[in-house]
$ cat coords.csv   # CSV, C-alpha atoms
chain,number,residue,atom,x,y,z
A,124,MET,CA,-65.5,-48.8,65.3
A,125,LYS,CA,-68.6,-47.5,67.1
A,126,ILE,CA,-71.6,-48.0,64.8
A,127,VAL,CA,-75.1,-46.7,65.3
A,128,VAL,CA,-77.9,-48.3,63.3
A,129,TYR,CA,-80.6,-45.7,62.9
A,130,GLY,CA,-83.8,-47.6,62.5
A,131,ALA,CA,-84.3,-51.2,63.8
A,132,GLY,CA,-86.5,-52.4,61.0
A,133,ALA,CA,-85.7,-55.1,58.4
A,134,VAL,CA,-82.4,-53.6,57.0
A,135,GLY,CA,-81.3,-52.3,60.4
A,136,THR,CA,-81.8,-55.6,62.1
A,137,TRP,CA,-80.1,-57.6,59.4
A,138,LEU,CA,-77.0,-55.3,59.4
A,139,GLY,CA,-77.0,-54.8,63.1
A,140,VAL,CA,-77.2,-58.4,64.1
A,141,HIS,CA,-74.4,-59.5,61.8
A,142,LEU,CA,-72.2,-56.5,62.7
A,143,SER,CA,-72.7,-57.2,66.4
A,144,ARG,CA,-71.9,-60.9,66.0
A,145,ALA,CA,-68.7,-59.9,64.1
A,146,GLY,CA,-67.5,-57.9,67.2
A,147,ALA,CA,-68.6,-54.3,66.3
A,148,ASP,CA,-69.8,-52.0,69.0
A,149,VAL,CA,-73.4,-51.4,67.8
A,150,THR,CA,-76.1,-49.2,69.1
A,151,PHE,CA,-79.7,-49.2,67.7
A,152,ILE,CA,-81.8,-46.1,67.5
A,153,ALA,CA,-85.4,-47.2,67.9
A,154,ARG,CA,-88.7,-45.8,69.0
A,155,GLY,CA,-92.1,-46.8,70.2
A,156,ALA,CA,-93.0,-50.5,70.3
A,157,THR,CA,-89.6,-51.5,68.8
A,158,PHE,CA,-87.7,-49.6,71.6
A,159,ASP,CA,-89.9,-51.1,74.2
A,160,TRP,CA,-89.5,-54.7,72.8
A,161,LEU,CA,-85.7,-54.5,72.5
A,162,SER,CA,-85.3,-53.0,75.9
A,163,GLN,CA,-86.5,-56.3,77.4
A,164,SER,CA,-86.2,-59.0,74.6
A,165,PRO,CA,-83.5,-60.1,72.2
A,166,MET,CA,-83.3,-58.9,68.6
A,167,GLU,CA,-83.9,-61.8,66.2
A,168,LEU,CA,-82.8,-62.4,62.6
A,169,ARG,CA,-84.4,-65.5,61.2
A,170,SER,CA,-83.5,-67.4,58.0
A,171,PRO,CA,-83.7,-70.9,56.6
A,172,ASP,CA,-80.3,-71.5,58.4
A,173,GLY,CA,-81.7,-70.8,61.8
A,174,THR,CA,-82.3,-67.8,64.1
A,175,LEU,CA,-79.6,-65.4,65.3
A,176,ARG,CA,-80.3,-63.5,68.5
A,177,ILE,CA,-78.5,-60.6,70.1
A,178,ASP,CA,-79.1,-58.4,73.2
A,179,ALA,CA,-79.4,-55.1,71.4
A,180,HIS,CA,-78.2,-51.9,73.0
A,181,VAL,CA,-81.0,-49.4,72.2
A,182,ALA,CA,-81.1,-45.6,72.6
A,183,HIS,CA,-83.2,-42.6,71.5
A,184,THR,CA,-80.3,-40.4,70.4
A,185,ILE,CA,-76.9,-40.8,68.6
A,186,PRO,CA,-74.0,-40.9,71.0
A,187,ASP,CA,-71.4,-38.2,70.5
A,188,ASP,CA,-68.6,-40.8,70.0
A,189,ALA,CA,-70.3,-42.6,67.1
A,190,ASP,CA,-67.9,-43.2,64.1
A,191,LEU,CA,-70.6,-44.4,61.6
A,192,VAL,CA,-74.4,-44.0,61.5
A,193,ILE,CA,-76.1,-46.6,59.2
A,194,PHE,CA,-79.3,-44.8,58.2
A,195,ALA,CA,-81.7,-47.7,57.8
A,196,THR,CA,-85.2,-46.1,57.9
A,197,LYS,CA,-87.7,-46.2,55.1
A,198,THR,CA,-87.7,-42.4,54.7
A,199,LEU,CA,-87.1,-40.9,51.3
A,200,GLY,CA,-86.9,-37.2,52.3
A,201,SER,CA,-84.3,-35.0,53.9
A,202,VAL,CA,-86.6,-33.9,56.7
A,203,ASP,CA,-85.9,-37.2,58.6
A,204,LEU,CA,-82.1,-37.1,58.3
A,205,PRO,CA,-80.8,-37.0,61.9
A,206,GLU,CA,-78.4,-34.5,63.3
A,207,LEU,CA,-74.9,-35.9,63.5
A,208,PRO,CA,-72.1,-35.3,65.9
A,209,ALA,CA,-69.3,-33.3,64.3
A,210,THR,CA,-67.0,-36.3,63.6
A,211,THR,CA,-69.6,-38.8,62.6
A,212,THR,CA,-70.2,-40.2,59.1
A,213,ILE,CA,-73.6,-41.5,57.7
A,214,LEU,CA,-74.1,-44.4,55.4
A,215,THR,CA,-77.4,-44.3,53.4
A,216,THR,CA,-79.2,-47.5,52.5
A,217,GLN,CA,-82.5,-46.2,51.1
A,218,ASN,CA,-83.8,-47.3,47.7
A,219,SER,CA,-83.6,-43.7,46.5
A,220,VAL,CA,-81.3,-42.0,43.9
A,221,GLU,CA,-82.0,-38.7,45.7
A,222,MET,CA,-81.0,-39.7,49.2
A,223,PRO,CA,-77.2,-39.6,48.8
A,224,HIS,CA,-77.5,-36.1,47.3
A,225,LEU,CA,-79.9,-35.0,50.1
A,226,ALA,CA,-77.4,-36.3,52.7
A,227,VAL,CA,-74.5,-34.4,51.0
A,228,GLU,CA,-76.5,-31.2,51.1
A,229,LYS,CA,-77.1,-31.6,54.8
A,230,TYR,CA,-73.7,-33.0,56.0
A,231,GLY,CA,-71.2,-32.4,53.2
A,232,PRO,CA,-69.5,-35.2,51.1
A,233,GLU,CA,-66.9,-35.7,53.7
A,234,HIS,CA,-69.6,-37.2,56.1
A,235,VAL,CA,-71.5,-39.3,53.6
A,236,ILE,CA,-71.1,-42.9,52.3
A,237,PRO,CA,-73.8,-44.0,49.9
A,238,GLY,CA,-74.7,-47.7,50.3
A,239,VAL,CA,-76.7,-50.2,48.4
A,240,VAL,CA,-78.4,-53.2,50.1
A,241,ARG,CA,-79.2,-56.3,48.1
A,242,SER,CA,-81.2,-58.8,50.1
A,243,PHE,CA,-84.7,-60.0,50.6
A,244,LEU,CA,-85.8,-59.1,54.1
A,245,THR,CA,-89.2,-59.0,55.9
A,246,ARG,CA,-89.9,-57.3,59.2
A,247,LEU,CA,-92.1,-59.8,61.1
A,248,ALA,CA,-92.6,-57.8,64.3
A,249,PRO,CA,-90.8,-55.3,66.4
A,250,GLY,CA,-87.2,-56.5,66.7
A,251,ILE,CA,-87.8,-59.6,64.5
A,252,THR,CA,-86.7,-59.8,60.8
A,253,CYS,CA,-86.7,-62.7,58.4
A,254,HIS,CA,-84.0,-63.2,55.6
A,255,ASP,CA,-85.0,-65.5,52.8
A,256,GLY,CA,-81.7,-67.3,52.7
A,257,ASN,CA,-80.5,-65.9,49.4
A,258,ILE,CA,-78.5,-62.8,48.4
A,259,GLN,CA,-76.8,-60.8,51.1
A,260,THR,CA,-74.6,-57.9,49.9
A,261,LEU,CA,-73.8,-54.3,50.8
A,262,THR,CA,-72.1,-52.1,48.3
A,263,PHE,CA,-70.7,-48.7,49.4
A,264,GLY,CA,-68.2,-46.1,48.4
A,265,SER,CA,-66.6,-42.8,49.3
A,266,LEU,CA,-67.6,-39.5,47.8
A,267,HIS,CA,-64.6,-37.8,49.6
A,268,PRO,CA,-61.1,-38.9,50.6
A,269,ALA,CA,-62.1,-38.3,54.3
A,270,THR,CA,-64.3,-41.4,54.4
A,271,ARG,CA,-61.9,-43.9,52.7
A,272,ASP,CA,-60.5,-45.3,55.9
A,273,LEU,CA,-63.9,-45.8,57.3
A,274,THR,CA,-65.2,-47.6,54.2
A,275,ALA,CA,-62.2,-49.9,54.5
A,276,GLN,CA,-62.8,-50.6,58.2
A,277,LEU,CA,-66.5,-51.3,57.4
A,278,ALA,CA,-65.6,-53.8,54.6
A,279,GLU,CA,-63.2,-55.6,57.0
A,280,ILE,CA,-65.9,-56.0,59.6
A,281,LEU,CA,-68.5,-57.2,57.1
A,282,SER,CA,-66.0,-59.7,55.7
A,283,LYS,CA,-66.5,-61.6,59.0
A,284,THR,CA,-70.2,-61.9,58.4
A,285,PRO,CA,-72.4,-63.6,55.7
A,286,ILE,CA,-72.9,-60.2,54.1
A,287,THR,CA,-70.6,-59.6,51.1
A,288,PRO,CA,-69.1,-56.1,51.1
A,289,THR,CA,-68.0,-54.3,48.0
A,290,ILE,CA,-66.4,-50.9,47.8
A,291,ARG,CA,-67.0,-49.1,44.6
A,292,ASP,CA,-65.6,-45.8,43.3
A,293,ASP,CA,-68.7,-45.3,41.2
A,294,ILE,CA,-71.1,-45.9,44.0
A,295,LEU,CA,-73.7,-43.5,42.7
A,296,ALA,CA,-73.9,-45.5,39.5
A,297,ASP,CA,-74.7,-48.6,41.7
A,298,VAL,CA,-77.4,-46.7,43.5
A,299,TRP,CA,-79.0,-46.1,40.1
A,300,ALA,CA,-78.4,-49.7,39.1
A,301,LYS,CA,-80.3,-51.0,42.1
A,302,ALA,CA,-83.1,-48.5,41.4
A,303,LEU,CA,-83.5,-50.1,37.9
A,304,PHE,CA,-84.2,-53.3,39.7
A,305,VAL,CA,-86.1,-52.5,42.9
A,306,THR,CA,-88.4,-49.7,41.6
A,307,THR,CA,-89.5,-51.6,38.5
A,308,PHE,CA,-89.8,-55.0,40.2
A,309,GLY,CA,-91.5,-53.4,43.2
A,310,ALA,CA,-94.0,-51.4,41.2
A,311,LEU,CA,-95.0,-54.2,38.8
A,312,GLY,CA,-95.1,-56.7,41.7
A,313,ALA,CA,-97.4,-54.4,43.7
A,314,LEU,CA,-99.6,-53.7,40.7
A,315,MET,CA,-100.0,-57.4,39.7
A,316,ASN,CA,-99.7,-58.8,43.2
A,317,GLN,CA,-97.3,-61.5,41.9
A,318,PRO,CA,-93.9,-62.7,43.0
A,319,ILE,CA,-90.7,-62.2,40.9
A,320,GLY,CA,-91.1,-65.7,39.3
A,321,VAL,CA,-94.3,-64.7,37.7
A,322,LEU,CA,-93.1,-61.2,36.8
A,323,ARG,CA,-90.1,-62.5,34.9
A,324,THR,CA,-92.1,-65.0,32.9
A,325,THR,CA,-95.8,-63.9,32.4
A,326,TYR,CA,-95.0,-60.2,32.5
A,327,ARG,CA,-91.4,-60.3,31.2
A,328,ASP,CA,-92.0,-57.8,28.4
A,329,SER,CA,-93.6,-55.2,30.8
A,330,LEU,CA,-90.8,-55.7,33.3
A,331,ARG,CA,-88.1,-55.2,30.6
A,332,ALA,CA,-89.9,-52.1,29.3
A,333,LEU,CA,-89.9,-50.5,32.8
A,334,ILE,CA,-86.2,-51.2,33.3
A,335,THR,CA,-85.4,-49.7,29.9
A,336,GLU,CA,-87.4,-46.6,30.8
A,337,ALA,CA,-85.6,-46.3,34.1
A,338,ALA,CA,-82.2,-46.7,32.3
A,339,HIS,CA,-83.2,-43.8,30.0
A,340,VAL,CA,-83.9,-41.6,33.0
A,341,ALA,CA,-80.4,-42.5,34.4
A,342,GLN,CA,-78.8,-41.6,31.1
A,343,ALA,CA,-80.6,-38.3,31.0
A,344,ASN,CA,-79.1,-37.5,34.4
A,345,GLN,CA,-75.6,-38.3,33.1
A,346,VAL,CA,-75.2,-41.4,35.1
A,347,ALA,CA,-72.6,-43.7,33.6
A,348,LEU,CA,-74.3,-47.1,33.5
A,349,PRO,CA,-73.0,-50.0,31.4
A,350,ALA,CA,-74.5,-50.4,28.0
A,351,THR,CA,-75.6,-53.9,29.1
A,352,ILE,CA,-77.5,-52.6,32.2
A,353,VAL,CA,-81.0,-53.7,31.1
A,354,ALA,CA,-79.7,-57.2,30.2
A,355,ASP,CA,-77.7,-57.3,33.4
A,356,THR,CA,-80.7,-56.4,35.5
A,357,MET,CA,-82.9,-59.0,33.8
A,358,ALA,CA,-80.2,-61.6,34.4
A,359,PHE,CA,-80.1,-60.7,38.1
A,360,ILE,CA,-83.9,-61.0,38.3
A,361,ASP,CA,-83.7,-64.4,36.6
A,362,ILE,CA,-81.5,-65.9,39.4
A,363,GLN,CA,-83.7,-64.8,42.3
A,364,ASP,CA,-85.9,-67.1,44.3
A,365,PRO,CA,-89.2,-67.2,42.3
A,366,ALA,CA,-91.3,-66.6,45.4
A,367,SER,CA,-89.5,-63.3,46.3
A,368,THR,CA,-91.6,-60.1,46.6
A,369,SER,CA,-90.6,-56.5,47.3
A,370,SER,CA,-91.4,-54.6,50.5
A,371,MET,CA,-93.6,-52.2,48.3
A,372,GLN,CA,-95.8,-55.2,47.5
A,373,ARG,CA,-95.9,-56.7,51.0

$ encode --input "coords.csv" --output "structure tokens"
Amino acid sequence: MKIVVYGAGAVGTWLGVHLSRAGADVTFIARGATFDWLSQSPMELRSPDGTLRIDAHVAHTIPDDADLVIFATKTLGSVDLPELPATTTILTTQNSVEMPHLAVEKYGPEHVIPGVVRSFLTRLAPGITCHDGNIQTLTFGSLHPATRDLTAQLAEILSKTPITPTIRDDILADVWAKALFVTTFGALGALMNQPIGVLRTTYRDSLRALITEAAHVAQANQVALPATIVADTMAFIDIQDPASTSSMQR
């Protein structure tokens, strides 16, 4: 499988380094200082277990023979969605319930795989990212039968890495489930300038109220979330490293 990682920031570096080390053919789309750095220096993924380095292949444009583009930029709007070759599929990773729908509007469901990243990652410098050593998962799923073989291939490659892959038929529900976590934790953490350990104790009632409100919005949009979603989200928060912060706060 020929994979293009579009954006060599925290998520792109994390995924790209592990996929490359698992044997995938990976190209990174990078610009500016990141492109310049990676053209002459290794890409680094640091964690408490050590530092992984690869010689990243960087480019400015998506090659015509790409099978999968992992869209790993911070953008939340359709204006930055790249043009794809006719036979290429895109996997979205943004913390946005709108992004999968925007991608479908641009490419069609047969070219879109929504994805959900769960990991605490920090971009330290161009081409250098730090993982905190805890959770590493990527959940994704097909919206159209045309992408099912590709999702299976991606899961097989990821199974050779520290990233746990999960294929879900109800992937859009998982996009919302993550939103209940990341938008509330991120907003409250940025407002109070406190890590998750303080938010889940000192500000627990406020955090739960925000999650509950987000769940109501999901229900109003006919998203089939479990009845236990608020409790499940709080339980997930309770097992995270107490020092963790969101990128919104950082």

$ residues_around --input "coords.csv" --residues "Leu214 of chain A" --least-positions-apart "2" --cutoff "7 Å" --atoms "only C-alpha atoms" --output "PyMOL selection string"
chain A and resi 192-194+212+216+235-238

$ closest_residue --input "coords.csv" --among "A:Ile286, A:Ala131, A:Leu277, A:Met222" --to "Phe158 of chain A" --atoms "all atoms listed in the file"
A:Ala131

$ atom_distance --input "coords.csv" --atom1 "atom CA of Pro288 of chain A" --atom2 "atom CA of Asp355 of chain A"
19.7 Å

$ closest_residue --input "coords.csv" --among "A:Pro285, A:Pro249, A:Gly264, A:Pro208" --to "Ala153 of chain A" --atoms "only C-alpha atoms"
A:Pro249

$ atom_distance --input "coords.csv" --atom1 "atom CA of Leu204 of chain A" --atom2 "atom CA of Ser369 of chain A"
23.9 Å

$ residues_near_point --input "coords.csv" --point "(-84.6, -54.7, 59.4)" --cutoff "8 Å" --atoms "all atoms listed in the file" --output "PyMOL selection string"
chain A and resi 130-138+195+244-246+250-252

$ residues_around --input "coords.csv" --residues "Thr184 of chain A" --least-positions-apart "6" --cutoff "10 Å" --atoms "only C-alpha atoms" --output "CSV table (one decimal) with C-alpha atoms, in the frame of the given file"
chain,number,residue,atom,x,y,z
A,127,VAL,CA,-75.1,-46.7,65.3
A,129,TYR,CA,-80.6,-45.7,62.9
A,150,THR,CA,-76.1,-49.2,69.1
A,151,PHE,CA,-79.7,-49.2,67.7
A,152,ILE,CA,-81.8,-46.1,67.5
A,153,ALA,CA,-85.4,-47.2,67.9
A,205,PRO,CA,-80.8,-37.0,61.9
A,206,GLU,CA,-78.4,-34.5,63.3
A,207,LEU,CA,-74.9,-35.9,63.5

$ closest_residue --input "coords.csv" --among "A:Arg327, A:Lys125, A:His234, A:His141" --to "Leu281 of chain A" --atoms "all atoms listed in the file"
A:His141

$ atom_distance --input "coords.csv" --atom1 "atom CA of Leu295 of chain A" --atom2 "atom CA of Val220 of chain A"
7.8 Å

$ residues_around --input "coords.csv" --residues "Pro318 of chain A" --least-positions-apart "2" --cutoff "12 Å" --atoms "all atoms listed in the file" --output "VMD selection string"
chain A and resid 308 to 316 320 to 326 360 363 to 373

$ residues_around --input "coords.csv" --residues "Ser170 of chain A" --least-positions-apart "3" --cutoff "8 Å" --atoms "all atoms listed in the file" --output "list of chain:residue names"
A:Gly173, A:Thr174, A:Cys253, A:His254, A:Asp255, A:Gly256

$ write_last_selection --input "coords.csv" --atoms "C-alpha atoms" --output "tab-separated table (two decimals), in the coordinates of the input"
chain	number	residue	atom	x	y	z
A	173	GLY	CA	-81.70	-70.80	61.80
A	174	THR	CA	-82.30	-67.80	64.10
A	253	CYS	CA	-86.70	-62.70	58.40
A	254	HIS	CA	-84.00	-63.20	55.60
A	255	ASP	CA	-85.00	-65.50	52.80
A	256	GLY	CA	-81.70	-67.30	52.70

$ closest_residue --input "coords.csv" --among "A:Asp328, A:Asp172, A:Asp188, A:Asp361" --to "Ile126 of chain A" --atoms "all atoms listed in the file"
A:Asp188

$ residues_around --input "coords.csv" --residues "Ala358 of chain A" --least-positions-apart "4" --cutoff "12 Å" --atoms "all atoms listed in the file" --output "ChimeraX atom specification"
/A:304,323,327,331,351-354,362-363

$ closest_residue --input "coords.csv" --among "A:Ser162, A:Gln259, A:Thr274, A:Ser242" --to "Ile213 of chain A" --atoms "only C-alpha atoms"
A:Thr274

$ closest_residue --input "coords.csv" --among "A:Ala248, A:Ala145, A:Leu225, A:Ala338" --to "Glu167 of chain A" --atoms "all atoms listed in the file"
A:Ala248
